[in-house]
>>> print(open('run24.txt').read())   # compact mmCIF, C-alpha atoms
# COMPACT_ATOMS: atom_id res chain seq x y z
CA LYS A 20 -46.41 147.38 -92.00
CA GLN A 21 -45.15 144.42 -89.97
CA GLU A 22 -47.50 141.44 -89.90
CA VAL A 23 -47.03 138.47 -87.59
CA THR A 24 -48.72 135.12 -88.23
CA GLN A 25 -48.86 132.08 -85.98
CA ILE A 26 -49.65 128.61 -87.25
CA PRO A 27 -51.46 126.52 -86.19
CA ALA A 28 -54.17 128.51 -84.39
CA ALA A 29 -54.86 125.54 -82.12
CA LEU A 30 -53.04 122.34 -81.25
CA SER A 31 -53.92 119.32 -79.12
CA VAL A 32 -51.31 116.70 -78.19
CA PRO A 33 -51.05 113.83 -75.72
CA GLU A 34 -48.79 114.29 -72.73
CA GLY A 35 -45.14 113.53 -73.47
CA GLU A 36 -45.16 114.62 -77.10
CA ASN A 37 -42.98 117.49 -78.26
CA LEU A 38 -44.71 120.72 -79.26
CA VAL A 39 -43.71 122.78 -82.30
CA LEU A 40 -45.20 126.27 -82.63
CA ASN A 41 -44.52 128.46 -85.64
CA CYS A 42 -44.32 132.22 -86.03
CA SER A 43 -43.65 134.19 -89.22
CA PHE A 44 -43.18 137.91 -89.80
CA THR A 45 -43.12 139.98 -92.96
CA ASP A 46 -40.40 142.58 -92.18
CA SER A 47 -37.00 141.16 -91.24
CA ALA A 48 -35.86 144.49 -89.72
CA ILE A 49 -36.74 143.46 -86.17
CA TYR A 50 -34.96 144.43 -82.96
CA ASN A 51 -35.81 141.19 -81.20
CA LEU A 52 -38.48 138.51 -80.91
CA GLN A 53 -40.21 137.44 -77.72
CA TRP A 54 -42.35 134.39 -76.93
CA PHE A 55 -45.06 134.67 -74.27
CA ARG A 56 -47.49 132.35 -72.54
CA GLN A 57 -51.02 133.45 -71.63
CA ASP A 58 -53.38 131.50 -69.36
CA PRO A 59 -57.14 132.19 -69.66
CA GLY A 60 -58.07 135.60 -68.27
CA LYS A 61 -54.49 136.36 -67.26
CA GLY A 62 -51.66 138.58 -68.40
CA LEU A 63 -48.65 137.54 -70.47
CA THR A 64 -45.66 135.70 -69.05
CA SER A 65 -42.37 136.10 -70.92
CA LEU A 66 -40.85 132.77 -71.92
CA LEU A 67 -37.90 133.58 -74.17
CA LEU A 68 -36.31 136.66 -75.73
CA ILE A 69 -34.23 136.21 -78.88
CA GLN A 70 -32.07 139.13 -79.92
CA SER A 71 -31.92 139.86 -83.65
CA SER A 72 -28.29 138.71 -83.77
CA GLN A 73 -29.08 135.33 -82.15
CA ARG A 74 -30.15 132.12 -83.86
CA GLU A 75 -31.69 130.41 -80.83
CA GLN A 76 -32.40 130.68 -77.13
CA THR A 77 -33.03 127.93 -74.58
CA SER A 78 -34.65 127.75 -71.16
CA GLY A 79 -35.30 124.36 -69.61
CA ARG A 80 -37.66 122.38 -71.86
CA LEU A 81 -38.14 125.41 -74.14
CA ASN A 82 -36.06 126.21 -77.20
CA ALA A 83 -36.75 128.98 -79.68
CA SER A 84 -35.04 129.52 -83.02
CA LEU A 85 -34.91 132.63 -85.16
CA ASP A 86 -34.24 132.94 -88.88
CA LYS A 87 -34.46 136.64 -89.66
CA SER A 88 -33.75 136.28 -93.37
CA SER A 89 -36.76 134.03 -93.89
CA GLY A 90 -38.91 135.81 -91.29
CA ARG A 91 -39.49 132.77 -89.11
CA SER A 92 -39.26 131.68 -85.49
CA THR A 93 -40.13 128.31 -83.98
CA LEU A 94 -40.83 127.49 -80.34
CA TYR A 95 -40.13 123.89 -79.30
CA ILE A 96 -41.47 122.53 -76.02
CA ALA A 97 -40.02 119.13 -75.16
CA ALA A 98 -41.92 116.37 -73.37
CA SER A 99 -45.17 118.34 -73.00
CA GLN A 100 -47.14 118.27 -69.75
CA PRO A 101 -50.79 119.15 -69.00
CA GLY A 102 -49.49 122.29 -67.26
CA ASP A 103 -48.20 123.50 -70.63
CA SER A 104 -51.80 124.00 -71.78
CA ALA A 105 -52.13 127.72 -72.57
CA THR A 106 -52.05 130.18 -75.46
CA TYR A 107 -48.59 130.96 -76.79
CA LEU A 108 -47.96 134.34 -78.36
CA CYS A 109 -45.10 135.48 -80.56
CA ALA A 110 -44.19 139.19 -80.80
CA VAL A 111 -41.54 141.12 -82.71
CA ALA A 112 -40.12 144.35 -81.31
CA ASP A 113 -38.89 147.49 -83.05
CA SER A 114 -36.17 149.73 -81.64
CA TRP A 115 -38.76 151.60 -79.49
CA GLY A 116 -39.77 148.36 -77.82
CA LYS A 117 -43.18 148.43 -79.48
CA LEU A 118 -44.45 144.88 -80.02
CA GLN A 119 -46.36 143.49 -82.99
CA PHE A 120 -48.17 140.31 -81.97
CA GLY A 121 -49.45 137.23 -83.72
CA ALA A 122 -52.93 135.97 -82.82
CA GLY A 123 -51.48 133.08 -80.82
CA THR A 124 -51.55 129.28 -80.79
CA GLN A 125 -53.91 127.68 -78.28
CA VAL A 126 -52.32 124.50 -76.91
CA VAL A 127 -54.06 121.66 -75.08
CA VAL A 128 -51.98 118.83 -73.63
CA THR A 129 -54.14 115.84 -72.68
CA PRO A 130 -53.11 113.48 -69.86
CA ASP B 16 -41.57 141.47 -55.50
CA GLY B 17 -40.99 143.62 -58.55
CA GLY B 18 -43.72 143.74 -61.12
CA ILE B 19 -46.57 145.53 -62.83
CA THR B 20 -49.86 146.03 -61.04
CA GLN B 21 -53.05 146.76 -62.93
CA SER B 22 -56.30 147.73 -61.25
CA PRO B 23 -59.11 147.06 -61.14
CA LYS B 24 -59.22 143.49 -62.46
CA TYR B 25 -62.80 143.99 -63.72
CA LEU B 26 -64.42 147.28 -64.71
CA PHE B 27 -67.90 148.08 -65.96
CA ARG B 28 -68.66 151.21 -67.92
CA LYS B 29 -71.99 152.77 -68.72
CA GLU B 30 -72.63 154.40 -72.08
CA GLY B 31 -71.15 157.91 -72.23
CA GLN B 32 -68.88 157.42 -69.23
CA ASN B 33 -65.12 157.90 -69.02
CA VAL B 34 -63.20 155.32 -67.02
CA THR B 35 -59.55 155.17 -65.97
CA LEU B 36 -57.43 152.02 -65.77
CA SER B 37 -54.48 152.07 -63.43
CA CYS B 38 -50.99 150.71 -64.17
CA GLU B 39 -48.12 150.90 -61.69
CA GLN B 40 -44.65 149.34 -62.00
CA ASN B 41 -41.79 149.05 -59.52
CA LEU B 42 -39.28 147.64 -62.00
CA ASN B 43 -37.66 151.05 -62.60
CA HIS B 44 -38.34 150.70 -66.34
CA ASP B 45 -38.38 153.84 -68.45
CA ALA B 46 -40.79 152.63 -71.15
CA MET B 47 -44.44 151.72 -70.61
CA TYR B 48 -47.17 150.58 -72.99
CA TRP B 49 -50.91 149.93 -73.21
CA TYR B 50 -52.28 147.12 -75.39
CA ARG B 51 -55.81 146.00 -76.13
CA GLN B 52 -56.73 142.33 -76.66
CA ASP B 53 -59.92 141.18 -78.37
CA PRO B 54 -60.97 137.51 -78.63
CA GLY B 55 -59.07 135.61 -81.31
CA GLN B 56 -56.86 138.60 -82.13
CA GLY B 57 -53.33 139.58 -81.29
CA LEU B 58 -52.65 142.44 -78.93
CA ARG B 59 -52.79 145.93 -80.46
CA LEU B 60 -50.84 148.96 -79.22
CA ILE B 61 -52.87 151.90 -77.88
CA TYR B 62 -50.25 154.27 -76.44
CA TYR B 63 -46.65 154.12 -75.31
CA SER B 64 -44.29 156.28 -73.29
CA GLN B 65 -40.50 156.24 -73.35
CA ILE B 66 -39.94 158.82 -70.58
CA VAL B 67 -41.88 160.85 -68.04
CA ASN B 68 -44.09 163.60 -69.48
CA ASP B 69 -43.88 162.18 -72.99
CA PHE B 70 -46.10 159.66 -74.78
CA GLN B 71 -46.95 158.63 -78.33
CA LYS B 72 -50.01 157.22 -80.07
CA GLY B 73 -50.00 153.60 -81.09
CA ASP B 74 -52.06 151.88 -83.77
CA ILE B 75 -55.50 152.33 -82.15
CA ALA B 76 -55.29 155.52 -80.01
CA GLU B 77 -58.66 157.01 -80.99
CA GLY B 78 -61.00 157.25 -77.99
CA TYR B 79 -58.20 156.80 -75.45
CA SER B 80 -55.95 159.15 -73.48
CA VAL B 81 -52.95 158.67 -71.19
CA SER B 82 -50.65 160.60 -68.88
CA ARG B 83 -47.14 159.92 -67.60
CA GLU B 84 -46.49 162.22 -64.66
CA LYS B 85 -44.39 159.68 -62.74
CA LYS B 86 -41.99 157.01 -63.93
CA GLU B 87 -43.92 154.33 -62.05
CA SER B 88 -47.40 155.16 -63.32
CA PHE B 89 -49.10 155.15 -66.73
CA PRO B 90 -52.91 155.40 -66.39
CA LEU B 91 -55.20 154.87 -69.39
CA THR B 92 -58.52 156.69 -69.74
CA VAL B 93 -61.16 155.14 -71.98
CA THR B 94 -63.33 158.04 -73.10
CA SER B 95 -66.92 158.09 -74.31
CA ALA B 96 -65.51 158.61 -77.82
CA GLN B 97 -64.33 154.98 -77.85
CA LYS B 98 -67.28 153.25 -79.50
CA ASN B 99 -66.34 149.65 -78.77
CA PRO B 100 -64.41 149.62 -75.49
CA THR B 101 -65.28 146.10 -74.32
CA ALA B 102 -61.92 144.29 -74.29
CA PHE B 103 -59.05 143.03 -72.16
CA TYR B 104 -56.48 145.77 -71.50
CA LEU B 105 -52.85 144.96 -70.77
CA CYS B 106 -50.15 147.27 -69.50
CA ALA B 107 -46.47 146.54 -70.08
CA SER B 108 -43.08 147.98 -69.31
CA SER B 109 -39.75 147.23 -70.92
CA ILE B 110 -36.06 147.40 -70.30
CA SER B 111 -33.40 147.70 -72.96
CA ARG B 112 -30.45 145.36 -72.70
CA GLN B 113 -27.62 145.02 -75.18
CA GLY B 114 -29.22 143.86 -78.41
CA GLY B 115 -32.74 143.52 -77.12
CA THR B 116 -35.72 145.02 -75.35
CA GLU B 117 -37.60 142.70 -72.99
CA ALA B 118 -41.23 143.43 -72.16
CA PHE B 119 -43.11 142.48 -68.99
CA PHE B 120 -46.87 142.55 -68.58
CA GLY B 121 -49.42 143.11 -65.85
CA GLN B 122 -52.38 140.82 -65.17
CA GLY B 123 -54.83 142.89 -67.20
CA THR B 124 -58.12 144.71 -66.71
CA ARG B 125 -61.29 143.39 -68.33
CA LEU B 126 -63.57 146.28 -69.31
CA THR B 127 -67.21 145.66 -70.12
CA VAL B 128 -69.80 148.15 -71.35
CA VAL B 129 -73.16 147.73 -69.64
>>> encode(input="run24.txt", output="structure tokens")
Amino acid sequence: KQEVTQIPAALSVPEGENLVLNCSFTDSAIYNLQWFRQDPGKGLTSLLLIQSSQREQTSGRLNASLDKSSGRSTLYIAASQPGDSATYLCAVADSWGKLQFGAGTQVVVTP
Amino acid sequence: DGGITQSPKYLFRKEGQNVTLSCEQNLNHDAMYWYRQDPGQGLRLIYYSQIVNDFQKGDIAEGYSVSREKKESFPLTVTSAQKNPTAFYLCASSISRQGGTEAFFGQGTRLTVV
């Protein structure tokens, strides 16, 4: 059974620092990997989708890498801002689109 | 604006009561999903549906039921058989593109047992 782990569980950085969030999964037979952001009491907002054949995906200050063979993905957020404070979730999809989630990394960016 | 609408935002259930959570999407997606989120845990799949009039159990389907009579709608009923229903419920839909399936989520319904 696929298991997804996110480390660290919580992270606090001063504004301007780069953020590095890690995600690992046990079964490399994934269809794709998706990173989400969740604000308190809200739904999930899709940040980046990495197809299984891709090594990385970029959107603005966000960059996500994928190494299927080692079962790892990393989300980089450059020059963090207080508005980046949220919980970040990693999820791997099978061919049916079913997602297996990690427990998330709670990020606080202090001004 | 296209998106997924969940209602109500907050729901209170008495012991022994069935309640239904609504999920509507206007994204024209074929697949829809229900997930449950508990504090400090990742989301867990309850039910999913790939097409109208067909749905499958997820990892934690016991005590829940669904229907998919229209492409746009995928309501979830939390029955009295669900012993610990207090949680945050999220509905999603997805679209398959070449090489990937991208999921989109609603704003969630928080269910509390009183």
>>> atom_distance(input="run24.txt", atom1="atom CA of Gln70 of chain A", atom2="atom CA of Asp74 of chain B")
24.0 Å
>>> closest_atom_pairs(input="run24.txt", of="chain A", to="chain B", cutoff="12 Å", atoms="all atoms listed in the file", output="Markdown table")
| residue | atom | partner | partner_atom | distance |
| --- | --- | --- | --- | --- |
| A:Lys20 | CA | B:Asp74 | CA | 11.0 |
| A:Gln21 | CA | B:Asp74 | CA | 11.9 |
| A:Glu22 | CA | B:Gly57 | CA | 10.6 |
| A:Val23 | CA | B:Gly57 | CA | 9.0 |
| A:Thr24 | CA | B:Gly57 | CA | 9.5 |
| A:Gln25 | CA | B:Gly57 | CA | 9.9 |
| A:Ala28 | CA | B:Gly55 | CA | 9.2 |
| A:Ala29 | CA | B:Gly55 | CA | 10.9 |
| A:Ile49 | CA | B:Gly115 | CA | 9.9 |
| A:Tyr50 | CA | B:Gly115 | CA | 6.3 |
| A:Asn51 | CA | B:Gly115 | CA | 5.6 |
| A:Leu52 | CA | B:Gly115 | CA | 8.5 |
| A:Gln53 | CA | B:Glu117 | CA | 7.5 |
| A:Trp54 | CA | B:Ala118 | CA | 10.3 |
| A:Phe55 | CA | B:Phe119 | CA | 9.6 |
| A:Arg56 | CA | B:Phe120 | CA | 11.0 |
| A:Gln57 | CA | B:Gln122 | CA | 9.9 |
| A:Asp58 | CA | B:Gln122 | CA | 10.3 |
| A:Pro59 | CA | B:Gln122 | CA | 10.8 |
| A:Gly60 | CA | B:Gly123 | CA | 8.0 |
| A:Lys61 | CA | B:Gln122 | CA | 5.4 |
| A:Gly62 | CA | B:Gln122 | CA | 4.0 |
| A:Leu63 | CA | B:Phe120 | CA | 5.6 |
| A:Thr64 | CA | B:Phe120 | CA | 7.0 |
| A:Ser65 | CA | B:Phe119 | CA | 6.7 |
| A:Leu66 | CA | B:Phe119 | CA | 10.4 |
| A:Leu67 | CA | B:Glu117 | CA | 9.2 |
| A:Leu68 | CA | B:Glu117 | CA | 6.8 |
| A:Ile69 | CA | B:Gly115 | CA | 7.7 |
| A:Gln70 | CA | B:Gly115 | CA | 5.2 |
| A:Ser71 | CA | B:Gly114 | CA | 7.1 |
| A:Ser72 | CA | B:Gly114 | CA | 7.5 |
| A:Gln73 | CA | B:Gly114 | CA | 9.3 |
| A:Thr106 | CA | B:Gly55 | CA | 10.6 |
| A:Tyr107 | CA | B:Gly57 | CA | 10.8 |
| A:Leu108 | CA | B:Gly57 | CA | 8.1 |
| A:Cys109 | CA | B:Gly57 | CA | 9.2 |
| A:Ala110 | CA | B:Gly57 | CA | 9.2 |
| A:Val111 | CA | B:Thr116 | CA | 10.2 |
| A:Ala112 | CA | B:Thr116 | CA | 7.4 |
| A:Asp113 | CA | B:Thr116 | CA | 8.7 |
| A:Ser114 | CA | B:Thr116 | CA | 7.9 |
| A:Trp115 | CA | B:Gln65 | CA | 7.9 |
| A:Gly116 | CA | B:Thr116 | CA | 5.8 |
| A:Lys117 | CA | B:Leu60 | CA | 7.7 |
| A:Leu118 | CA | B:Leu60 | CA | 7.6 |
| A:Gln119 | CA | B:Arg59 | CA | 7.3 |
| A:Phe120 | CA | B:Gly57 | CA | 5.3 |
| A:Gly121 | CA | B:Gly57 | CA | 5.1 |
| A:Ala122 | CA | B:Gly57 | CA | 3.9 |
| A:Gly123 | CA | B:Gly57 | CA | 6.8 |
| A:Thr124 | CA | B:Gly55 | CA | 9.8 |
| A:Gln125 | CA | B:Gly55 | CA | 9.9 |
>>> atom_distance(input="run24.txt", atom1="atom CA of Pro33 of chain A", atom2="atom CA of Asp86 of chain A")
28.7 Å
>>> atom_distance(input="run24.txt", atom1="atom CA of Thr45 of chain A", atom2="atom CA of Lys72 of chain B")
22.6 Å
>>> closest_residue(input="run24.txt", among="A:Cys42, A:Ala48, A:Val32, A:Val128", to="Pro101 of chain A", atoms="all atoms listed in the file")
A:Val128
>>> residues_around(input="run24.txt", residues="segment 66-68 of chain B", least_positions_apart="3", cutoff="6 Å", atoms="all atoms listed in the file", output="PyMOL selection string")
chain B and resi 45+83-86
>>> axis_aligned_box(input="run24.txt", around="segment 35-38 of chain B", padding_each_side="5 Å", output="JSON")
{"center_x": -55.3, "center_y": 152.9, "center_z": -64.7, "size_x": 18.6, "size_y": 14.5, "size_z": 12.5}
>>> build_atoms(input="run24.txt", residues="segment 56-78 of chain A", atoms="N, CA, C and O atoms", output="compact mmCIF listing (two decimals), keeping the file's coordinate frame")
# COMPACT_ATOMS: atom_id res chain seq x y z
N ARG A 56 -46.42 133.29 -72.87
CA ARG A 56 -47.49 132.35 -72.54
C ARG A 56 -48.61 133.14 -71.89
O ARG A 56 -48.36 134.06 -71.08
N GLN A 57 -49.87 132.80 -72.25
CA GLN A 57 -51.02 133.45 -71.63
C GLN A 57 -52.02 132.38 -71.18
O GLN A 57 -52.50 131.59 -72.00
N ASP A 58 -52.33 132.36 -69.89
CA ASP A 58 -53.38 131.50 -69.36
C ASP A 58 -54.70 132.25 -69.44
O ASP A 58 -54.73 133.50 -69.45
N PRO A 59 -55.83 131.54 -69.47
CA PRO A 59 -57.14 132.19 -69.66
C PRO A 59 -57.40 133.29 -68.64
O PRO A 59 -57.27 133.08 -67.44
N GLY A 60 -57.74 134.47 -69.13
CA GLY A 60 -58.07 135.60 -68.27
C GLY A 60 -56.90 136.24 -67.56
O GLY A 60 -57.09 137.08 -66.67
N LYS A 61 -55.69 135.86 -67.94
CA LYS A 61 -54.49 136.36 -67.26
C LYS A 61 -53.64 137.22 -68.19
O LYS A 61 -53.88 137.31 -69.39
N GLY A 62 -52.61 137.83 -67.61
CA GLY A 62 -51.66 138.58 -68.40
C GLY A 62 -50.67 137.67 -69.10
O GLY A 62 -50.82 136.45 -69.11
N LEU A 63 -49.65 138.28 -69.72
CA LEU A 63 -48.65 137.54 -70.47
C LEU A 63 -47.43 137.28 -69.61
O LEU A 63 -46.97 138.16 -68.89
N THR A 64 -46.90 136.06 -69.73
CA THR A 64 -45.66 135.70 -69.05
C THR A 64 -44.58 135.52 -70.11
O THR A 64 -44.75 134.76 -71.06
N SER A 65 -43.46 136.21 -69.96
CA SER A 65 -42.37 136.10 -70.92
C SER A 65 -41.69 134.74 -70.78
O SER A 65 -41.35 134.31 -69.68
N LEU A 66 -41.52 134.07 -71.91
CA LEU A 66 -40.85 132.77 -71.92
C LEU A 66 -39.41 132.89 -72.41
O LEU A 66 -38.47 132.43 -71.75
N LEU A 67 -39.23 133.47 -73.57
CA LEU A 67 -37.90 133.58 -74.17
C LEU A 67 -37.80 134.88 -74.97
O LEU A 67 -38.76 135.29 -75.62
N LEU A 68 -36.62 135.48 -74.91
CA LEU A 68 -36.31 136.66 -75.73
C LEU A 68 -35.14 136.29 -76.63
O LEU A 68 -34.11 135.80 -76.13
N ILE A 69 -35.32 136.46 -77.94
CA ILE A 69 -34.23 136.21 -78.88
C ILE A 69 -33.82 137.52 -79.50
O ILE A 69 -34.63 138.20 -80.15
N GLN A 70 -32.58 137.91 -79.30
CA GLN A 70 -32.07 139.13 -79.92
C GLN A 70 -31.92 138.90 -81.43
O GLN A 70 -31.76 137.76 -81.87
N SER A 71 -31.95 139.97 -82.18
CA SER A 71 -31.92 139.86 -83.65
C SER A 71 -30.63 139.21 -84.15
O SER A 71 -30.61 138.62 -85.23
N SER A 72 -29.57 139.28 -83.36
CA SER A 72 -28.29 138.71 -83.77
C SER A 72 -28.16 137.23 -83.38
O SER A 72 -27.19 136.57 -83.76
N GLN A 73 -29.13 136.71 -82.62
CA GLN A 73 -29.08 135.33 -82.15
C GLN A 73 -29.83 134.41 -83.09
O GLN A 73 -30.77 134.81 -83.78
N ARG A 74 -29.46 133.12 -83.06
CA ARG A 74 -30.15 132.12 -83.86
C ARG A 74 -31.12 131.30 -83.01
O ARG A 74 -32.08 130.75 -83.51
N GLU A 75 -30.79 131.16 -81.70
CA GLU A 75 -31.69 130.41 -80.83
C GLU A 75 -31.46 130.79 -79.38
O GLU A 75 -30.46 131.41 -79.02
N GLN A 76 -32.44 130.42 -78.56
CA GLN A 76 -32.40 130.68 -77.13
C GLN A 76 -33.07 129.51 -76.43
O GLN A 76 -34.07 128.98 -76.92
N THR A 77 -32.52 129.10 -75.29
CA THR A 77 -33.03 127.93 -74.58
C THR A 77 -33.28 128.25 -73.12
O THR A 77 -32.51 129.00 -72.50
N SER A 78 -34.36 127.66 -72.58
CA SER A 78 -34.65 127.75 -71.16
C SER A 78 -35.38 126.49 -70.74
O SER A 78 -36.54 126.28 -71.08
